[in-house]
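Colleague: Next comes the structure file final-v5.txt, holding compact mmCIF, C-alpha atoms.
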```txt
# COMPACT_ATOMS: atom_id res chain seq x y z
CA MET A 256 270.44 51.61 22.37
CA ASN A 257 271.87 54.09 19.84
CA ARG A 258 270.36 54.28 16.37
CA PRO A 259 272.74 52.41 14.03
CA THR A 260 274.28 54.35 11.17
CA SER A 261 275.78 53.24 7.88
CA CYS A 262 279.31 54.19 6.93
CA PRO A 263 281.04 54.72 3.59
CA ALA A 264 283.78 52.35 2.54
CA ASP A 265 287.35 53.45 3.15
CA PRO A 266 288.45 54.80 -0.27
CA ALA A 267 291.80 53.02 -0.19
CA GLN A 268 290.19 49.69 0.72
CA ARG A 269 287.49 50.18 -1.90
CA ASP A 270 290.00 50.83 -4.68
CA GLU A 271 292.20 47.92 -3.63
CA LEU A 272 289.20 45.59 -3.47
CA LEU A 273 287.98 46.55 -6.93
CA ALA A 274 291.44 45.96 -8.39
CA ILE A 275 291.71 42.52 -6.75
CA CYS A 276 288.23 41.53 -7.91
CA GLU A 277 288.91 42.60 -11.49
CA ARG A 278 292.19 40.75 -11.88
CA THR A 279 291.36 37.64 -9.82
CA PHE A 280 287.62 37.07 -9.53
CA GLN A 281 286.16 38.57 -12.72
CA ARG A 282 288.54 37.45 -15.41
CA PRO A 283 286.91 36.94 -18.83
CA GLU A 284 285.42 33.55 -19.67
CA ALA A 285 286.57 31.61 -22.74
CA ASP A 286 283.92 33.37 -24.84
CA GLY A 287 285.06 36.80 -23.64
CA THR A 288 282.11 37.48 -21.34
CA LEU A 289 282.64 38.58 -17.76
CA PRO A 290 281.13 36.50 -14.96
CA ARG A 291 280.02 37.57 -11.52
CA GLN A 292 282.89 38.02 -9.11
CA PHE A 293 281.30 35.51 -6.71
CA HIS A 294 278.26 33.25 -6.77
CA ARG A 295 278.71 32.99 -10.49
CA LYS A 296 277.02 29.60 -10.96
CA THR A 297 273.24 29.95 -11.22
CA HIS A 298 271.32 26.79 -10.34
CA ALA A 299 267.94 28.42 -10.92
CA CYS A 300 266.16 31.78 -11.04
CA LEU A 301 262.59 30.97 -10.11
CA HIS A 302 259.34 32.89 -10.01
CA ALA A 303 257.82 33.02 -6.54
CA VAL A 304 255.46 34.96 -4.29
CA LEU A 305 256.58 36.60 -1.06
CA THR A 306 253.70 37.08 1.38
CA ILE A 307 254.28 39.55 4.20
CA ASP A 308 252.04 39.21 7.27
CA PRO A 309 253.88 40.98 10.09
CA PRO A 310 252.90 40.75 13.75
CA ASP A 311 251.28 43.76 15.37
CA ASP A 312 254.57 44.98 16.79
CA PRO A 313 255.71 48.56 16.06
CA ALA A 314 259.34 47.50 16.44
CA VAL A 315 258.95 45.23 13.40
CA ARG A 316 256.56 47.23 11.21
CA HIS A 317 258.98 49.21 9.06
CA GLY A 318 259.64 49.33 5.34
CA LEU A 319 258.55 46.17 3.55
CA PHE A 320 257.21 44.82 6.85
CA ALA A 321 255.02 47.82 7.69
CA ARG A 322 251.84 46.14 6.44
CA PRO A 323 250.58 42.87 4.92
CA GLY A 324 251.20 42.37 1.21
CA ARG A 325 251.95 39.93 -1.61
CA TYR A 326 254.87 40.52 -3.98
CA ASP A 327 256.05 38.87 -7.17
CA THR A 328 259.60 37.74 -6.49
CA LEU A 329 262.54 36.17 -8.32
CA VAL A 330 264.64 33.65 -6.38
CA ARG A 331 268.18 32.90 -7.53
CA PHE A 332 270.05 29.87 -6.14
CA SER A 333 273.83 29.79 -6.58
CA ASN A 334 277.19 28.34 -5.57
CA SER A 335 279.64 30.65 -3.85
CA PHE A 336 283.01 29.59 -5.30
CA PHE A 337 282.85 26.37 -7.27
CA ALA A 338 281.20 25.34 -10.53
CA GLU A 339 281.24 21.72 -9.35
CA ASP A 340 278.29 20.73 -7.18
CA ASP A 341 280.25 17.91 -5.53
CA HIS A 342 282.57 20.44 -3.83
CA PRO A 343 281.71 21.64 -0.31
CA ASP A 344 280.66 25.25 -0.79
CA ALA A 345 278.50 28.02 0.60
CA ARG A 346 275.16 28.16 -1.25
CA GLY A 347 273.48 31.44 -2.01
CA LEU A 348 269.84 32.45 -2.23
CA ALA A 349 268.95 35.93 -3.46
CA LEU A 350 265.49 37.49 -3.70
CA LYS A 351 264.37 40.29 -6.00
CA VAL A 352 261.04 41.50 -4.61
CA THR A 353 259.05 43.73 -6.98
CA GLY A 354 256.12 46.12 -6.62
CA VAL A 355 257.48 47.54 -3.37
CA ASP A 356 256.50 51.03 -2.13
CA GLY A 357 258.84 53.43 -0.40
CA ALA A 358 261.99 55.50 -0.79
CA VAL A 359 265.06 53.55 -1.87
CA CYS A 360 268.75 53.89 -1.12
CA ASP A 361 270.71 56.21 -3.38
CA GLY A 362 271.24 54.57 -6.79
CA ALA A 363 268.80 51.70 -6.19
CA PRO A 364 266.02 50.99 -8.71
CA PRO A 365 262.63 52.11 -7.39
CA GLY A 366 259.89 49.64 -6.50
CA GLN A 367 262.26 46.85 -5.61
CA GLN A 368 263.89 45.18 -2.62
CA ASP A 369 266.72 42.66 -2.93
CA PHE A 370 267.76 40.24 -0.19
CA VAL A 371 271.15 38.51 -0.55
CA LEU A 372 271.45 35.46 1.71
CA MET A 373 273.58 32.35 2.11
CA ASN A 374 273.26 29.10 4.04
CA ALA A 375 275.09 30.38 7.10
CA GLU A 376 274.50 32.53 10.16
CA THR A 377 278.01 33.98 10.11
CA GLY A 378 280.52 35.20 7.56
CA PRO A 379 284.15 34.31 6.81
CA ALA A 380 285.63 37.64 7.96
CA ARG A 381 284.88 39.78 11.01
CA ASN A 382 284.77 43.23 9.35
CA ALA A 383 286.08 45.17 6.36
CA ASP A 384 289.70 44.99 7.55
CA GLU A 385 289.57 41.20 7.84
CA ALA A 386 287.68 40.92 4.56
CA MET A 387 290.50 42.79 2.85
CA ALA A 388 293.04 40.44 4.45
CA LEU A 389 291.09 37.49 3.00
CA PHE A 390 290.94 39.07 -0.46
CA ARG A 391 294.68 39.73 -0.36
CA ALA A 392 295.31 36.09 0.56
CA LEU A 393 293.22 34.96 -2.43
CA ASP A 394 294.57 37.55 -4.87
CA GLY A 395 296.21 35.95 -7.89
CA LEU A 396 294.24 32.72 -7.54
CA ARG A 397 294.17 31.12 -10.99
CA ARG A 398 291.66 28.39 -10.20
CA ALA A 399 289.29 27.91 -7.29
CA THR A 400 290.18 24.73 -5.43
CA ILE A 401 289.29 23.57 -1.93
CA SER A 402 292.85 24.01 -0.69
CA ALA A 403 293.13 27.49 -2.24
CA VAL A 404 289.82 28.68 -0.77
CA ALA A 405 291.08 27.53 2.64
CA ALA A 406 293.45 30.52 2.25
CA PRO A 407 296.28 29.35 4.56
CA ARG A 408 297.86 32.84 4.56
CA TYR A 409 294.61 34.28 5.90
CA LEU A 410 293.88 31.42 8.29
CA PHE A 411 297.39 31.52 9.81
CA PRO A 412 298.65 35.12 9.63
CA SER A 413 301.56 34.21 11.91
CA LEU A 414 303.21 31.19 13.53
CA LEU A 415 301.44 31.98 16.79
CA PRO A 416 298.44 29.62 17.07
CA TRP A 417 296.37 32.06 19.14
CA ARG A 418 296.46 34.49 16.21
CA ALA A 419 294.93 31.96 13.85
CA ARG A 420 291.49 32.83 12.48
CA TRP A 421 289.79 29.73 13.80
CA ARG A 422 286.30 31.05 13.06
CA TYR A 423 287.14 31.04 9.35
CA LEU A 424 288.07 27.36 9.64
CA LEU A 425 284.76 26.79 11.45
CA PHE A 426 282.92 28.57 8.62
CA LEU A 427 284.54 26.26 6.06
CA GLY A 428 283.92 23.21 8.24
CA GLU A 429 280.21 23.95 8.59
CA SER A 430 279.88 24.21 4.79
CA GLY A 431 281.61 20.85 4.49
CA LEU A 432 279.36 19.20 7.06
CA GLN A 433 276.20 20.42 5.34
CA HIS A 434 277.55 19.05 2.08
CA LEU A 435 278.30 15.64 3.59
CA ARG A 436 274.84 15.34 5.11
CA GLY A 437 273.23 15.48 1.68
CA PHE A 438 270.56 18.06 0.90
CA ASP A 439 268.72 19.89 -1.78
CA LEU A 440 268.73 23.65 -2.02
CA ALA A 441 265.16 23.88 -0.74
CA GLN A 442 266.13 22.21 2.56
CA LEU A 443 268.75 24.75 3.63
CA ALA A 444 268.19 27.74 5.89
CA TYR A 445 269.61 31.00 4.53
CA GLY A 446 270.65 34.12 6.43
CA SER A 447 271.77 37.65 5.61
CA VAL A 448 274.89 37.36 7.85
CA THR A 449 275.24 41.17 7.93
CA PRO A 450 272.83 43.64 9.63
CA TYR A 451 270.30 46.03 8.07
CA ARG A 452 268.29 48.98 9.28
CA LEU A 453 264.89 48.38 10.86
CA GLY A 454 263.36 51.56 12.29
CA ASP A 455 265.70 52.93 14.94
CA GLY A 456 267.42 49.57 15.23
CA ALA A 457 268.96 46.80 13.18
CA THR A 458 267.91 43.36 12.02
CA LYS A 459 269.11 40.33 10.14
CA PHE A 460 266.99 38.42 7.63
CA ALA A 461 266.49 34.66 7.29
CA LEU A 462 264.61 32.16 5.14
CA VAL A 463 263.87 28.84 6.86
CA PRO A 464 262.37 25.87 4.98
CA ASP A 465 259.02 24.65 6.22
CA ALA A 466 258.50 21.27 7.91
CA ALA A 467 257.56 19.52 4.65
CA ALA A 468 260.82 20.57 3.00
CA ARG A 469 262.93 19.55 5.99
CA ALA A 470 261.29 16.11 6.04
CA ARG A 471 261.70 15.42 2.32
CA ARG A 472 264.33 12.92 1.22
CA PRO A 473 266.54 14.67 -1.36
CA ALA A 474 266.89 13.10 -4.79
CA LYS A 475 270.15 11.18 -5.09
CA GLY A 476 272.62 11.16 -7.94
CA LYS A 477 271.52 14.49 -9.34
CA SER A 478 273.04 17.96 -9.63
CA LEU A 479 271.81 20.59 -7.21
CA ALA A 480 269.58 21.95 -9.98
CA GLY A 481 268.29 18.42 -10.60
CA ARG A 482 267.47 17.96 -6.90
CA LEU A 483 265.69 21.30 -6.90
CA GLN A 484 263.65 20.24 -9.93
CA ALA A 485 262.73 16.97 -8.23
CA ALA A 486 261.55 18.90 -5.17
CA LEU A 487 259.42 21.23 -7.29
CA ASP A 488 257.96 18.30 -9.22
CA SER A 489 256.45 17.11 -5.93
CA GLY A 490 254.79 20.45 -5.17
CA PRO A 491 255.49 24.05 -4.11
CA ILE A 492 258.57 24.88 -2.04
CA ARG A 493 257.92 27.07 0.98
CA PHE A 494 260.14 29.05 3.34
CA ASP A 495 259.29 31.09 6.42
CA PHE A 496 260.62 34.65 6.16
CA ARG A 497 262.02 35.74 9.51
CA LEU A 498 263.51 38.85 11.02
CA GLN A 499 266.02 38.87 13.86
CA PRO A 500 265.70 42.36 15.35
CA ARG A 501 268.71 43.25 17.48
CA VAL A 502 267.46 43.49 21.06
CA LEU A 503 270.61 42.27 22.84
CA ASP A 504 273.52 44.70 23.18
CA SER A 505 275.81 41.67 23.07
CA ASP A 506 274.88 41.02 19.41
CA PRO A 507 277.77 42.57 17.46
CA MET A 508 277.16 45.01 14.63
CA GLU A 509 280.66 44.69 13.17
CA ASP A 510 281.81 41.15 13.93
CA VAL A 511 279.87 39.06 11.39
CA ARG A 512 281.74 35.91 12.46
CA ARG A 513 279.57 35.81 15.60
CA ALA A 514 275.93 34.78 15.36
CA TRP A 515 273.28 36.96 16.99
CA ARG A 516 271.32 35.56 19.94
CA SER A 517 268.32 37.89 19.76
CA PRO A 518 265.06 35.99 19.07
CA THR A 519 263.62 35.75 15.57
CA VAL A 520 260.09 36.61 14.48
CA THR A 521 258.25 35.26 11.44
CA VAL A 522 256.92 38.08 9.24
CA GLY A 523 255.84 36.16 6.14
CA SER A 524 256.48 33.28 3.78
CA LEU A 525 258.00 32.60 0.39
CA GLU A 526 256.30 30.13 -1.96
CA ILE A 527 257.98 28.83 -5.12
CA PRO A 528 255.43 27.03 -7.34
CA PRO A 529 256.36 24.08 -9.59
CA GLN A 530 258.19 25.25 -12.74
CA ASP A 531 261.02 24.41 -15.09
CA VAL A 532 264.29 25.06 -13.24
CA ALA A 533 266.36 25.26 -16.44
CA ALA A 534 264.08 27.75 -18.20
CA THR A 535 265.24 30.91 -16.43
CA VAL A 536 268.91 30.24 -15.63
CA ALA A 537 269.86 32.78 -18.30
CA LEU A 538 267.66 35.37 -16.58
CA GLY A 539 269.52 34.78 -13.32
CA ASP A 540 272.81 35.32 -15.13
CA ARG A 541 271.63 38.61 -16.65
CA LEU A 542 270.32 40.12 -13.43
CA THR A 543 272.25 41.63 -10.56
CA PHE A 544 271.18 41.07 -6.96
CA SER A 545 272.66 43.50 -4.45
CA PRO A 546 271.95 44.24 -0.78
CA TRP A 547 272.05 47.91 -1.82
CA ASN A 548 269.11 47.51 -4.24
CA CYS A 549 266.78 48.19 -1.34
CA LEU A 550 264.41 50.44 0.52
CA ALA A 551 266.07 53.15 2.60
CA ALA A 552 264.18 51.59 5.53
CA HIS A 553 266.41 48.52 5.13
CA GLU A 554 269.73 50.24 4.45
CA PRO A 555 272.71 47.87 4.81
CA LEU A 556 274.81 48.57 7.90
CA GLY A 557 278.44 47.98 8.88
CA SER A 558 281.81 48.06 7.16
CA ILE A 559 281.36 44.74 5.30
CA ASN A 560 278.22 46.08 3.62
CA ALA A 561 280.00 49.31 2.75
CA LEU A 562 282.63 47.32 0.84
CA ARG A 563 279.93 45.19 -0.78
CA ARG A 564 278.29 48.30 -2.20
CA ALA A 565 281.34 49.09 -4.31
CA ALA A 566 282.06 45.49 -5.27
CA TYR A 567 278.51 44.63 -6.34
CA ALA A 568 278.13 47.82 -8.35
CA ALA A 569 281.45 47.29 -10.16
CA SER A 570 280.69 43.63 -10.89
CA ALA A 571 277.29 44.50 -12.36
CA ALA A 572 278.63 47.40 -14.44
CA ASN A 573 281.53 45.36 -15.82
CA ARG A 574 279.29 42.57 -17.07
CA GLY A 575 276.39 44.81 -18.15
CA ALA A 576 273.93 43.21 -15.74
CA GLN A 577 270.46 44.64 -15.16
CA ALA A 578 269.18 45.48 -11.69
CA LYS A 579 265.50 45.69 -12.59
CA ALA A 580 263.40 42.54 -12.99
CA PRO A 581 261.63 42.17 -16.37
CA LEU A 582 258.20 43.76 -16.21
CA ASP A 583 256.59 40.93 -18.14
CA GLY A 584 258.08 38.24 -15.91
CA GLY A 585 259.69 36.58 -18.92
CA SER A 586 263.19 35.19 -19.27
```
Is it possible to express this structure as structure tokens?
Modeller:
Amino acid sequence: MNRPTSCPADPAQRDELLAICERTFQRPEADGTLPRQFHRKTHACLHAVLTIDPPDDPAVRHGLFARPGRYDTLVRFSNSFFAEDDHPDARGLALKVTGVDGAVCDGAPPGQQDFVLMNAETGPARNADEAMALFRALDGLRRATISAVAAPRYLFPSLLPWRARWRYLLFLGESGLQHLRGFDLAQLAYGSVTPYRLGDGATKFALVPDAAARARRPAKGKSLAGRLQAALDSGPIRFDFRLQPRVLDSDPMEDVRRAWRSPTVTVGSLEIPPQDVAATVALGDRLTFSPWNCLAAHEPLGSINALRRAAYAASAANRGAQAKAPLDGGS
């Protein structure tokens, strides 16, 4: 298996993407401030501890997972598109792990590793070319609605049904089904969707709620933040941290619409202690979480991640967000 390599974004695609994001997805709010381009609604930004306890497997022991450790971590929960919690939507979970040793990717703050995840195994577009087609279909959107996000021009690029992007419809449908089942944010499994470097290979990351969280009955009649608070009021929230090292050649590096079939391995756990969910929402809004704020050992791979590098950096710079977590842990 060849060692995977990262690639720079196509300059023309990068420039087009930044222009679309600025005019469509990062328009000023009523008070003149600029929001995130995506995942702009923060439900919570919680203090947590990430414990790494990797198996004695040299294929896994790289970067953050090279040795056991405990790390202070911030956990941001978010919506992908909508401000309204009653809309079916992809939910985001981002980690900012601090006190990390090792060389970082160019431009990343030292001593830190971010993980950017959402409650899905797959993404809405296969690669950078399809991602740009989706952005073009959404360009000019004045208000995010369910019908607009369905992006009919992207879903049906021609009248020929076999050219339809049915996996995008499946992605939207899975978000809708999870919404209809009822949940709180601590009961969802979150994945990185895109691949990252791990030694001479590649991996995906995942957070999976423990058995206690999966068995809990979510609070009814509350916002997602309210359900999260109710869960925390009953005790700590715990997730297993898992890697999915790519061991099957059939697992695609570029087509993020297809889930990998390689087995996963648990390398640690995330524990969020009881705390006030509302107290640090402002902190979550001030910070930036990027897959490129990372150790060089976990460099993002593939054309989607190359585009994300430019988009995340521009979004953070435009709104004056900070990449580094506060040293005092305050809000």
Colleague: Name the closest residue to Lys351 in chain A among the candidates A:Ser478, A:Ser570, A:Ser524, A:Thr543; distances are taken between atoms, counting all atoms listed in the file.
Modeller: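 Of A:Ser478, A:Ser570, A:Ser524, A:Thr543, the one nearest Lys351 in chain A is A:Thr543, counting all atoms listed in the file.
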Colleague: State, in Å with one decimal place, the distance from CA of Trp515 in chain A to CA of Lys459 in chain A.
Modeller: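 CA of Lys459 in chain A lies at a distance of 8.7 Å from CA of Trp515 in chain A.
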Colleague: Kindly indicate which residue among A:Arg452, A:Arg418, A:Arg397, A:His302 lies nearest to Glu554 in chain A, using only C-alpha atoms for the distances.
Modeller: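 For Glu554 in chain A, the nearest of the candidates is A:Arg452.
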Colleague: Compile the contact shell of Arg574 in chain A as a ChimeraX atom specification: residues with an atom at most 9 Å away, counting all atoms listed in the file, same-chain residues fewer than 2 positions apart removed.
Modeller: /A:288-291,541,569-572,576
Colleague: Please write as an MDAnalysis selection string the list of polymer residues whose atoms come within 12 Å of (292.6, 30.2, 10.6), counting all atoms listed in the file and keeping to the coordinates of the file.
Modeller: chainID A and resid 379:380 385 388:389 392 404:428
Colleague: Considering only C-alpha atoms, can you say which of A:Asp270, A:Asp465, A:Asp369, A:Glu376 comes closest to Asp495 in chain A?
Modeller: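 Smallest separation from Asp495 in chain A among the options: A:Asp465.
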Colleague: So that I can check the surroundings of Asp506 in chain A, please list as a PyMOL selection string every protein, DNA and RNA residue that reaches within 12 Å of it, counting all atoms listed in the file and ignoring chain neighbours fewer than 6 positions away.
Modeller: chain A and resi 256+449-450+457-459+499-500+512-518
Colleague: With only C-alpha atoms as the basis for distance, which of A:Gln484, A:Ser402, A:Ser489, A:Gln367 is at the shortest distance from Phe544 in chain A?
Modeller: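 Closest residue, counting only C-alpha atoms: A:Gln367.
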Colleague: Which of these residues is nearest to Gly481 in chain A, using only C-alpha atoms: A:Gly431, A:Ala533, A:Arg325, A:His294?
Modeller: A:Ala533
